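Asker: First, the structure itself, so that you have it in front of you.
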Amino acid sequence: MPRPTPLDPQQRAAAWRRIAEEDLDVLVIGGGITGAGVALDAATRGLKVALVEQRDFASGTSSRSSKLFHGGVRYLEQLNFALVREALQERELMLTRIAPHLVKPVSFLYPLEHPFWERPYVTAGLTLYDTMGGARSVPRTKQLTKGGVRRLVPALKPSAHHGGLLYHDAQCDDARHTLTVVRTAAAYGATVLNSAKVTGLLHAGERVIGATVLDVETGDEVEVNASVVINCTGVWTDDIQRMAGGRGRFHVRASKGVHIVVARDRVNSETGLILRTEKSVLFCIPWGTHWIIGTTDTDWNLSRAHPAATSADIDYILEQINGVLVTPLTREDIQGVYAGLRPLLAGESEESSQLSREHAVARPQPGLISIAGGKYTTYRVMAKDAVDAAREDLSAGVPDSVTEHIPLIGAEGYQALVNQVDTLSRRHDLPVWRLTHLLDRYGSLVLGLFDLIAEDRTLAEPLPGAEEYLRVEVVHAARHEATLHLNDLLTRRTRISIETPDRGVEAAEPAARILAAELGWDEERTTSEIQHYLNRVQAEIESQQMTEDERADAERTEATDIRVLAKG
């Protein structure tokens with residue numbers, strides 16, 4: 001494993017010089033999980049690659065998912081066996097080789113609503129789910145009686161089930177995982193830049209030969225030459241295709257998914273839940289000291305940068321989960337809310353929309369590849385397919401993908417550190433639960449955080465207002481994780497914005513002071529960063545009081561994007 005590249009201001013300045021001066025093999029547009037995966041795949045094939053993201057890495061869909069690595073139980077009913085098998089194989093790779101520090105097993109109870117026919121039906125499906133992915137690192141499905149369910153999930157109404165089945169999938173912090181893929185790509189030679197917006201594509205006749213890229217932080221613009229441009233922009237896919245001046249092979253529509261976050265003690269259960277609804281399924285997912293509950297699935301045609309959850313979205317989730325709980329959840333129990341947009345494939349006719357959870361790759365014109373659709377779980381396969389499609393625009397002899405053999409940074413040595421957690425706890429004077437929290441966020445990269453603490457013991461203190469995080473994590477985010485704004489830190493480098501009752505308001509100032517010292521902000525900039533974050537929180541809270549998408553969107557967009565404010 002090569003040494004990780006610190007993504008700090010010095011690296012960022014060098015990256016801008018590099019993309020302006022060098023001819024690339026591949027320019028990747030979009031810093032979500034798909035773009036990050038493409039950058040890693042291309043870099044590990046020996047290609048010269050750059051990744052540009054107009055906002056922050058994972059700032060769109062890839063930080064707002066259900067945070068699961070799963071095959072998709074519900075796709076079995078749709079007889080989409082190929083998708084499920086592929087996703088289960090990827091889940092196994094993540095758990096065992098690629099990201100065991102970030103991706104963890106998680107159990108779910110499937111409560112049976114009907115006393116007779118449903119158990120054999122669901123058992124057959126989950127038995128297939130257990131076996132079709134090949135080798136497995138999670139336990140097999142377990143049958144539970146009504147009493148067994150009551151002991152495991154006292155929160156469930158006795159009338160809401162006739163026993164159940166316990167099965168396993170996997171979960172991860174999607175934003176941290178995406179960032180780790182980005183950093184792994186950088187370690188293998190990729191140039192990576194956030195706050196880097198593509199404003200136009202360069203052409204030689206009908207061929208795309210690069211792009212103009214704007215530094216959103218300074219207003220500077222450069223031309224970037226590349227043999228092939230790969231469009232990984234999710235719900236912005238059609239925008240890039242229009243920018244290219246051509247007609248895409250497929251179109252992408254946005255579907256809004258909303259989740260709520262509540263404290264762990266609000267639902268008395270030792271396992272997650274998966275519940276059937278009239279429209280789809282609802283998950284109640286263990287998330288550290290919280291539960292994530294969702295999701296919705298509604299068309300969205302408003303702001304794609306900042307989709308807004310409405311009061312109606314929240315009511316729907318509460319109604320669905322409260323239908324099975326002994327003690328209902330209320331609005332006062334909600335600590336966080338987030339909304340994301342799924343990029344669903346929509347073809348020329350309605351019939352082709354059945355592809356919506358699969359992915360598609362197209363070469364709409366020479367020098368341009370577009371990839372869209374798919375699931376977070378299958379990002380690595382999507383990336384492989386995109387780079388394979390780009391071979392037509394690259395020199396002969398591009399090697400095959402090797403990413404199934406490439407652990408992400410932090411994976412190597414992780415298990416040894418887990419085995420030493422008691423020793424590490426004594427050595428660094430940190431409780432075991434904190435060590436485990438750090439290991440599951442950074443893997444073996446945690447050794448760098450220990451070095452920082454050794455230099456300054458105050459960095460081992462909790463961050464005021466978000467005591468599950470340490471001050472050292474803010475320093476590390478500034479020095480190594482391409483953190484440019486306070487919002488980046490509180491919403492993606494950490495998940496403080498959805499894990500604290502005040503949504504990170506108290507933590508904003510102390511975190512900003514640490515970032516200011518690291519990034520050289522003056523008092524005016526620091527105050528601006530804090531105020532922007534507070535405005536964003538207030539706008540989100542107000543949008544969540546609205547019953548209609550249009551009114552929620554208007555409230556949410558009242559808070560100006562920090563990257564718009566930053567320009568110049």
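Quick note on naming: the chains in the structure tokens go A, B, ... in the order shown, residues restart at 1 in each chain, and ligands are numbered from 1 in order of appearance.
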Please give the complete set of residues from segment 163-388 of chain A that DSSP, run on the backbone, assigns to helix (DSSP H, G or I), formatted as a PyMOL selection string.

Answerer: chain A and resi 174-187+234-243+264-266+311-322+331-333+350-355+376-388

Asker: Excluding Ala339 of chain A and its own-chain neighbours fewer than 2 positions away, which residues fall within 8 Å of it when counting only C-alpha atoms? Please give them as a ChimeraX atom specification.

Answerer: /A:64,256-259,307-309,337,341

Asker: Name the residues in contact with segment 261-273 of chain A at a cut-off of 10 Å, using only C-alpha atoms, excluding same-chain residues fewer than 4 positions from it; report them as number ranges by chain.

Answerer: A: 106-111, 149-156, 166-168, 282-294, 321, 325-338, 498-501

Asker: Can you tell me, as an MDAnalysis selection string, what residues are no more than 12 Å from Asp422 of chain A when counting only C-alpha atoms, ignoring any on the same chain fewer than 2 positions away?

Answerer: chainID A and resid 416:420 424:436

Asker: Could you work out how far atom CA of Val52 of chain A lies from atom CA of Glu221 of chain A, giving the answer in Å with one decimal?

Answerer: 12.8 Å

Asker: Would you please give, as an MDAnalysis selection string, all residues of segment 250-483 of chain A that DSSP assigns to strand (DSSP E) based on the backbone?

Answerer: chainID A and resid 251:263 272:276 281:287 290:294 298:299 334:346 359:365 368:373 462:463 466:470

Asker: List the neighbours of segment 466-473 of chain A out to 9 Å using only C-alpha atoms; skip same-chain residues closer than 5 positions along the sequence, and give me the result as a VMD selection string.

Answerer: chain A and resid 434 437 to 438 449 to 450 452 to 453 458 to 461 478 493 to 494 496 499 to 500 504 506 to 507 510 to 511 514

Asker: Could you tell me how far atom CA of Ala346 of chain A sits from atom CA of Gln544 of chain A, in Å to one decimal place?

Answerer: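 Atom CA of Ala346 of chain A lies at a distance of 28.6 Å from atom CA of Gln544 of chain A.
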
Asker: Residues at most 10 Å from Phe81 of chain A, counting only C-alpha atoms, excluding those fewer than 5 positions away in the same chain, as a short mmCIF file (atom, residue, chain, number, x, y, z; two decimals) with N, CA and C atoms, in the first residue's frame?

Answerer:
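Okay, selection26.cif is ready:
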```cif
data_model
loop_
_atom_site.label_atom_id
_atom_site.label_comp_id
_atom_site.auth_asym_id
_atom_site.auth_seq_id
_atom_site.Cartn_x
_atom_site.Cartn_y
_atom_site.Cartn_z
N GLY A 71 -27.43 -6.48 -0.46
CA GLY A 71 -27.83 -7.05 -1.74
C GLY A 71 -29.16 -6.51 -2.22
N GLY A 72 -30.00 -6.10 -1.26
CA GLY A 72 -31.32 -5.60 -1.61
C GLY A 72 -32.34 -6.71 -1.57
N TYR A 75 -35.26 -6.72 -4.00
CA TYR A 75 -35.07 -6.99 -5.41
C TYR A 75 -35.25 -8.47 -5.74
N LEU A 76 -35.21 -9.33 -4.70
CA LEU A 76 -35.50 -10.74 -4.93
C LEU A 76 -36.94 -10.91 -5.41
N GLU A 86 -24.65 -9.77 -7.55
CA GLU A 86 -23.52 -8.86 -7.72
C GLU A 86 -23.30 -8.03 -6.45
N ALA A 87 -24.39 -7.51 -5.87
CA ALA A 87 -24.28 -6.67 -4.68
C ALA A 87 -23.79 -7.49 -3.48
N LEU A 128 -32.17 -18.01 -0.07
CA LEU A 128 -31.53 -17.68 -1.34
C LEU A 128 -30.57 -16.51 -1.15
N TYR A 129 -30.99 -15.51 -0.39
CA TYR A 129 -30.16 -14.33 -0.09
C TYR A 129 -28.88 -14.74 0.61
N MET A 132 -26.67 -16.90 -2.43
CA MET A 132 -26.38 -16.55 -3.82
C MET A 132 -25.15 -15.65 -3.99
#
```

Asker: Using only C-alpha atoms, which residue out of A:Ser395, A:Gln545, A:Gln241, A:Ser255 lies closest to Ala362 of chain A?

Answerer: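 Answer, going by the shortest atom-to-atom distance: A:Gln241.
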
Asker: Find the distance between atom CA of Ala15 of chain A and atom CA of Ala36 of chain A and write it in Å to one decimal.

Answerer: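 For atom CA of Ala15 of chain A relative to atom CA of Ala36 of chain A, the distance reads 16.2 Å.
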
Asker: Excluding Gln171 of chain A and its own-chain neighbours fewer than 3 positions away, which residues fall within 6 Å of it when counting only C-alpha atoms? Please give them as number ranges by chain.

Answerer: A: 67-69, 103-104

Asker: With C-alpha atoms retained, export the selected residues as a PDB file, in the first residue's frame.

Answerer:
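result-v4.pdb was written with the following content:
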```
ATOM      1  CA  LYS A  67     -25.648   3.733   4.745  1.00  0.00           C
ATOM      2  CA  LEU A  68     -26.007   0.061   3.879  1.00  0.00           C
ATOM      3  CA  PHE A  69     -23.853  -2.345   1.876  1.00  0.00           C
ATOM      4  CA  VAL A 103     -17.976  -1.778   6.523  1.00  0.00           C
ATOM      5  CA  LYS A 104     -19.526  -3.798   9.363  1.00  0.00           C
TER       6      LYS A 104
END
```

Asker: Between A:Arg556, A:Arg249, A:Arg380, A:Arg176, single out the one closest to His405 of chain A, counting only C-alpha atoms.

Answerer: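 Counting only C-alpha atoms, the residue closest to His405 of chain A is A:Arg380.
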
Asker: Would you please work out which residue, of A:Arg253, A:Arg492, A:Arg503, A:Arg74, is nearest to Ile541 of chain A when using only C-alpha atoms?

Answerer: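 Between A:Arg253, A:Arg492, A:Arg503, A:Arg74, the residue approaching Ile541 of chain A most closely is A:Arg503.
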
Asker: Of the candidates A:Val73, A:Leu302, A:Met1, A:Leu445, which one gets nearest to Asp130 of chain A if we count only C-alpha atoms?

Answerer: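 Result for the nearest residue to Asp130 of chain A: A:Val73.
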